[in-house]
Amino acid sequence: QVRLVESGGGSVQSGGSLRLSCAASGLTLGNQAMNWFRQTPGKTREGVACSSSGDDSKRYPESTKGRFTISRDNAKNILYLEMTNLTPEDTAIYYCATDLKIRYCDAEWRLDQDYWGQGTRVTVTS
């Protein structure tokens, strides 16, 4: 049974940093692309980072490029999201997600991932 469990969320001041973790079980982390998404009330869930398996390429939208870094420890089966220079606009619930059939990041983040974590809340205060 696949399970994704996020942690590391919290409250931080504008300009601060946080590192989120996503512990995966029931799958081999290195075998498929892994994604981070976020969602705020009233808005569609949006992708904020993707890590491909195989070539380890990464994708970010313009809103997070240069500030967020996705990485993975395949030996520990943990996915990370390092977030720096945070702003109040980054306030959201953050989710990790994966589709077991996909090895490389798509051009667009798809919401029909096979598995989602329960989310971890990030609040950035000004």
# chains A, B, ... in the order shown; residues from 1 in each chain; ligands from 1
>>> residues_around(residues="Arg38 of chain A", least_positions_apart="4", cutoff="6 Å", atoms="only C-alpha atoms", output="list of chain:residue names")
A:Arg45, A:Glu46, A:Ala92, A:Ile93, A:Tyr94, A:Tyr95
>>> write_last_selection(atoms="all heavy atoms", output="PDB file, in the first residue's frame")
ATOM      1  N   ARG A  45      -5.457  23.571  -6.933  1.00  0.00           N
ATOM      2  CA  ARG A  45      -4.147  23.063  -6.513  1.00  0.00           C
ATOM      3  C   ARG A  45      -3.143  23.278  -7.642  1.00  0.00           C
ATOM      4  O   ARG A  45      -3.457  23.007  -8.814  1.00  0.00           O
ATOM      5  CB  ARG A  45      -4.288  21.579  -6.181  1.00  0.00           C
ATOM      6  CG  ARG A  45      -3.168  20.992  -5.372  1.00  0.00           C
ATOM      7  CD  ARG A  45      -3.537  19.601  -4.883  1.00  0.00           C
ATOM      8  NE  ARG A  45      -4.590  19.632  -3.872  1.00  0.00           N
ATOM      9  CZ  ARG A  45      -4.928  18.577  -3.141  1.00  0.00           C
ATOM     10  NH1 ARG A  45      -4.313  17.425  -3.314  1.00  0.00           N
ATOM     11  NH2 ARG A  45      -5.901  18.673  -2.255  1.00  0.00           N
ATOM     12  N   GLU A  46      -1.960  23.784  -7.304  1.00  0.00           N
ATOM     13  CA  GLU A  46      -0.968  24.085  -8.339  1.00  0.00           C
ATOM     14  C   GLU A  46       0.344  23.365  -8.048  1.00  0.00           C
ATOM     15  O   GLU A  46       0.740  23.208  -6.885  1.00  0.00           O
ATOM     16  CB  GLU A  46      -0.716  25.592  -8.427  1.00  0.00           C
ATOM     17  CG  GLU A  46      -0.147  26.212  -7.185  1.00  0.00           C
ATOM     18  CD  GLU A  46       0.310  27.645  -7.376  1.00  0.00           C
ATOM     19  OE1 GLU A  46       0.444  28.089  -8.527  1.00  0.00           O
ATOM     20  OE2 GLU A  46       0.554  28.318  -6.352  1.00  0.00           O
ATOM     21  N   ALA A  92       0.049  28.237   2.109  1.00  0.00           N
ATOM     22  CA  ALA A  92      -0.784  27.205   1.484  1.00  0.00           C
ATOM     23  C   ALA A  92      -0.595  25.898   2.232  1.00  0.00           C
ATOM     24  O   ALA A  92       0.253  25.789   3.115  1.00  0.00           O
ATOM     25  CB  ALA A  92      -0.392  27.004   0.021  1.00  0.00           C
ATOM     26  N   ILE A  93      -1.396  24.918   1.862  1.00  0.00           N
ATOM     27  CA  ILE A  93      -1.138  23.535   2.275  1.00  0.00           C
ATOM     28  C   ILE A  93      -0.336  22.894   1.151  1.00  0.00           C
ATOM     29  O   ILE A  93      -0.723  22.992  -0.026  1.00  0.00           O
ATOM     30  CB  ILE A  93      -2.434  22.769   2.542  1.00  0.00           C
ATOM     31  CG1 ILE A  93      -3.193  23.438   3.689  1.00  0.00           C
ATOM     32  CG2 ILE A  93      -2.128  21.312   2.887  1.00  0.00           C
ATOM     33  CD1 ILE A  93      -4.555  22.827   3.970  1.00  0.00           C
ATOM     34  N   TYR A  94       0.760  22.272   1.510  1.00  0.00           N
ATOM     35  CA  TYR A  94       1.662  21.675   0.537  1.00  0.00           C
ATOM     36  C   TYR A  94       1.508  20.156   0.549  1.00  0.00           C
ATOM     37  O   TYR A  94       1.455  19.537   1.617  1.00  0.00           O
ATOM     38  CB  TYR A  94       3.108  22.065   0.842  1.00  0.00           C
ATOM     39  CG  TYR A  94       3.413  23.489   0.443  1.00  0.00           C
ATOM     40  CD1 TYR A  94       2.898  24.554   1.171  1.00  0.00           C
ATOM     41  CD2 TYR A  94       4.170  23.770  -0.688  1.00  0.00           C
ATOM     42  CE1 TYR A  94       3.153  25.873   0.790  1.00  0.00           C
ATOM     43  CE2 TYR A  94       4.428  25.076  -1.073  1.00  0.00           C
ATOM     44  CZ  TYR A  94       3.912  26.118  -0.335  1.00  0.00           C
ATOM     45  OH  TYR A  94       4.159  27.423  -0.717  1.00  0.00           O
ATOM     46  N   TYR A  95       1.441  19.589  -0.649  1.00  0.00           N
ATOM     47  CA  TYR A  95       1.239  18.161  -0.824  1.00  0.00           C
ATOM     48  C   TYR A  95       2.331  17.564  -1.708  1.00  0.00           C
ATOM     49  O   TYR A  95       2.739  18.189  -2.687  1.00  0.00           O
ATOM     50  CB  TYR A  95      -0.097  17.883  -1.529  1.00  0.00           C
ATOM     51  CG  TYR A  95      -1.320  18.420  -0.849  1.00  0.00           C
ATOM     52  CD1 TYR A  95      -1.758  19.721  -1.078  1.00  0.00           C
ATOM     53  CD2 TYR A  95      -2.063  17.619   0.023  1.00  0.00           C
ATOM     54  CE1 TYR A  95      -2.896  20.220  -0.458  1.00  0.00           C
ATOM     55  CE2 TYR A  95      -3.199  18.108   0.645  1.00  0.00           C
ATOM     56  CZ  TYR A  95      -3.603  19.403   0.403  1.00  0.00           C
ATOM     57  OH  TYR A  95      -4.734  19.882   1.023  1.00  0.00           O
TER      58      TYR A  95
END
>>> residues_around(residues="Ala24 of chain A", least_positions_apart="4", cutoff="8 Å", atoms="only C-alpha atoms", output="VMD selection string")
chain A and resid 2 to 5 29 77 to 79
>>> closest_residue(among="A:Ala23, A:Leu81, A:Leu18, A:Ile102", to="Ser52 of chain A", atoms="only C-alpha atoms")
A:Ile102
>>> closest_residue(among="A:Ser21, A:Thr69, A:Thr98, A:Thr91", to="Ala33 of chain A", atoms="only C-alpha atoms")
A:Thr98
>>> closest_residue(among="A:Ser63, A:Ser57, A:Ser126, A:Asn74", to="Thr28 of chain A", atoms="only C-alpha atoms")
A:Asn74
>>> select_by_dssp(residues="chain A", states="strand (DSSP E)", output="PyMOL selection string")
chain A and resi 3-7+10-13+18-25+34-39+46-51+58-59+68-73+78-83+92-98+115-116+120-125
>>> residues_around(residues="Val122 of chain A", least_positions_apart="4", cutoff="12 Å", atoms="only C-alpha atoms", output="list in words")
Glu6, Ser7, Gly8, Gly9, Gly10, Ser11, Val12, Gln13, Ser14, Gly16, Ser17, Leu18, Arg19, Leu20, Arg38, Gln39, Thr40, Met83, Leu86, Thr87, Pro88, Glu89, Asp90, Thr91, Ala92, Ile93, Tyr94 and Tyr95 of chain A
>>> residues_around(residues="Tyr60 of chain A", least_positions_apart="6", cutoff="8 Å", atoms="only C-alpha atoms", output="ChimeraX atom specification")
/A:47-50,68
>>> write_last_selection(atoms="C-alpha atoms", output="PDB file, in the first residue's frame")
ATOM      1  CA  GLY A  47       2.318  22.340  -8.963  1.00  0.00           C
ATOM      2  CA  VAL A  48       5.377  23.973  -7.404  1.00  0.00           C
ATOM      3  CA  ALA A  49       8.150  21.481  -8.167  1.00  0.00           C
ATOM      4  CA  CYS A  50       8.766  18.183  -9.946  1.00  0.00           C
ATOM      5  CA  PHE A  68      12.320  26.353  -4.189  1.00  0.00           C
TER       6      PHE A  68
END
>>> closest_residue(among="A:Glu62, A:Gly42, A:Thr84, A:Ala75", to="Val124 of chain A", atoms="only C-alpha atoms")
A:Thr84
>>> closest_residue(among="A:Thr64, A:Ser53, A:Thr125, A:Thr44", to="Gly15 of chain A", atoms="only C-alpha atoms")
A:Thr125
>>> closest_residue(among="A:Tyr80, A:Gly30, A:Lys58, A:Trp36", to="Tyr115 of chain A", atoms="only C-alpha atoms")
A:Trp36
>>> atom_distance(atom1="atom CA of Ser51 of chain A", atom2="atom CA of Met34 of chain A")
5.3 Å
>>> atom_distance(atom1="atom CA of Gln118 of chain A", atom2="atom CA of Gly66 of chain A")
26.1 Å
>>> atom_distance(atom1="atom CA of Asn85 of chain A", atom2="atom CA of Ser71 of chain A")
17.7 Å
>>> decode(residues="segment 58-76 of chain A", atoms="N, CA and C atoms", output="PDB file, in the first residue's frame")
ATOM      1  N   LYS A  58      14.630  18.513 -13.106  1.00  0.00           N
ATOM      2  CA  LYS A  58      13.650  19.143 -12.241  1.00  0.00           C
ATOM      3  C   LYS A  58      12.910  20.233 -13.008  1.00  0.00           C
ATOM      4  N   ARG A  59      11.671  20.476 -12.606  1.00  0.00           N
ATOM      5  CA  ARG A  59      10.872  21.544 -13.194  1.00  0.00           C
ATOM      6  C   ARG A  59      10.235  22.366 -12.103  1.00  0.00           C
ATOM      7  N   TYR A  60      10.165  23.672 -12.372  1.00  0.00           N
ATOM      8  CA  TYR A  60       9.516  24.601 -11.447  1.00  0.00           C
ATOM      9  C   TYR A  60       8.695  25.587 -12.260  1.00  0.00           C
ATOM     10  N   PRO A  61       7.579  26.039 -11.710  1.00  0.00           N
ATOM     11  CA  PRO A  61       6.871  27.141 -12.370  1.00  0.00           C
ATOM     12  C   PRO A  61       7.602  28.448 -12.065  1.00  0.00           C
ATOM     13  N   GLU A  62       7.252  29.492 -12.777  1.00  0.00           N
ATOM     14  CA  GLU A  62       7.930  30.775 -12.568  1.00  0.00           C
ATOM     15  C   GLU A  62       7.765  31.278 -11.131  1.00  0.00           C
ATOM     16  N   SER A  63       6.658  30.940 -10.515  1.00  0.00           N
ATOM     17  CA  SER A  63       6.384  31.449  -9.172  1.00  0.00           C
ATOM     18  C   SER A  63       7.341  30.914  -8.114  1.00  0.00           C
ATOM     19  N   THR A  64       7.982  29.772  -8.373  1.00  0.00           N
ATOM     20  CA  THR A  64       8.873  29.187  -7.370  1.00  0.00           C
ATOM     21  C   THR A  64      10.312  29.020  -7.866  1.00  0.00           C
ATOM     22  N   LYS A  65      10.530  29.236  -9.137  1.00  0.00           N
ATOM     23  CA  LYS A  65      11.863  29.033  -9.710  1.00  0.00           C
ATOM     24  C   LYS A  65      12.874  29.961  -9.032  1.00  0.00           C
ATOM     25  N   GLY A  66      14.013  29.399  -8.635  1.00  0.00           N
ATOM     26  CA  GLY A  66      15.043  30.174  -7.977  1.00  0.00           C
ATOM     27  C   GLY A  66      14.878  30.281  -6.467  1.00  0.00           C
ATOM     28  N   ARG A  67      13.699  29.911  -5.959  1.00  0.00           N
ATOM     29  CA  ARG A  67      13.466  29.977  -4.516  1.00  0.00           C
ATOM     30  C   ARG A  67      13.218  28.597  -3.910  1.00  0.00           C
ATOM     31  N   PHE A  68      12.624  27.698  -4.668  1.00  0.00           N
ATOM     32  CA  PHE A  68      12.320  26.353  -4.189  1.00  0.00           C
ATOM     33  C   PHE A  68      13.263  25.361  -4.843  1.00  0.00           C
ATOM     34  N   THR A  69      13.647  24.346  -4.074  1.00  0.00           N
ATOM     35  CA  THR A  69      14.501  23.282  -4.600  1.00  0.00           C
ATOM     36  C   THR A  69      13.929  21.933  -4.175  1.00  0.00           C
ATOM     37  N   ILE A  70      13.649  21.099  -5.163  1.00  0.00           N
ATOM     38  CA  ILE A  70      13.162  19.749  -4.872  1.00  0.00           C
ATOM     39  C   ILE A  70      14.340  18.794  -4.925  1.00  0.00           C
ATOM     40  N   SER A  71      14.360  17.861  -4.007  1.00  0.00           N
ATOM     41  CA  SER A  71      15.414  16.851  -4.000  1.00  0.00           C
ATOM     42  C   SER A  71      14.842  15.570  -3.421  1.00  0.00           C
ATOM     43  N   ARG A  72      15.577  14.508  -3.570  1.00  0.00           N
ATOM     44  CA  ARG A  72      15.106  13.229  -3.065  1.00  0.00           C
ATOM     45  C   ARG A  72      16.278  12.435  -2.523  1.00  0.00           C
ATOM     46  N   ASP A  73      16.013  11.675  -1.487  1.00  0.00           N
ATOM     47  CA  ASP A  73      16.958  10.696  -0.960  1.00  0.00           C
ATOM     48  C   ASP A  73      16.340   9.336  -1.255  1.00  0.00           C
ATOM     49  N   ASN A  74      16.759   8.757  -2.357  1.00  0.00           N
ATOM     50  CA  ASN A  74      16.146   7.496  -2.780  1.00  0.00           C
ATOM     51  C   ASN A  74      16.434   6.359  -1.792  1.00  0.00           C
ATOM     52  N   ALA A  75      17.567   6.427  -1.132  1.00  0.00           N
ATOM     53  CA  ALA A  75      17.905   5.368  -0.176  1.00  0.00           C
ATOM     54  C   ALA A  75      16.961   5.397   1.016  1.00  0.00           C
ATOM     55  N   LYS A  76      16.558   6.598   1.428  1.00  0.00           N
ATOM     56  CA  LYS A  76      15.653   6.740   2.580  1.00  0.00           C
ATOM     57  C   LYS A  76      14.186   6.828   2.149  1.00  0.00           C
TER      58      LYS A  76
END
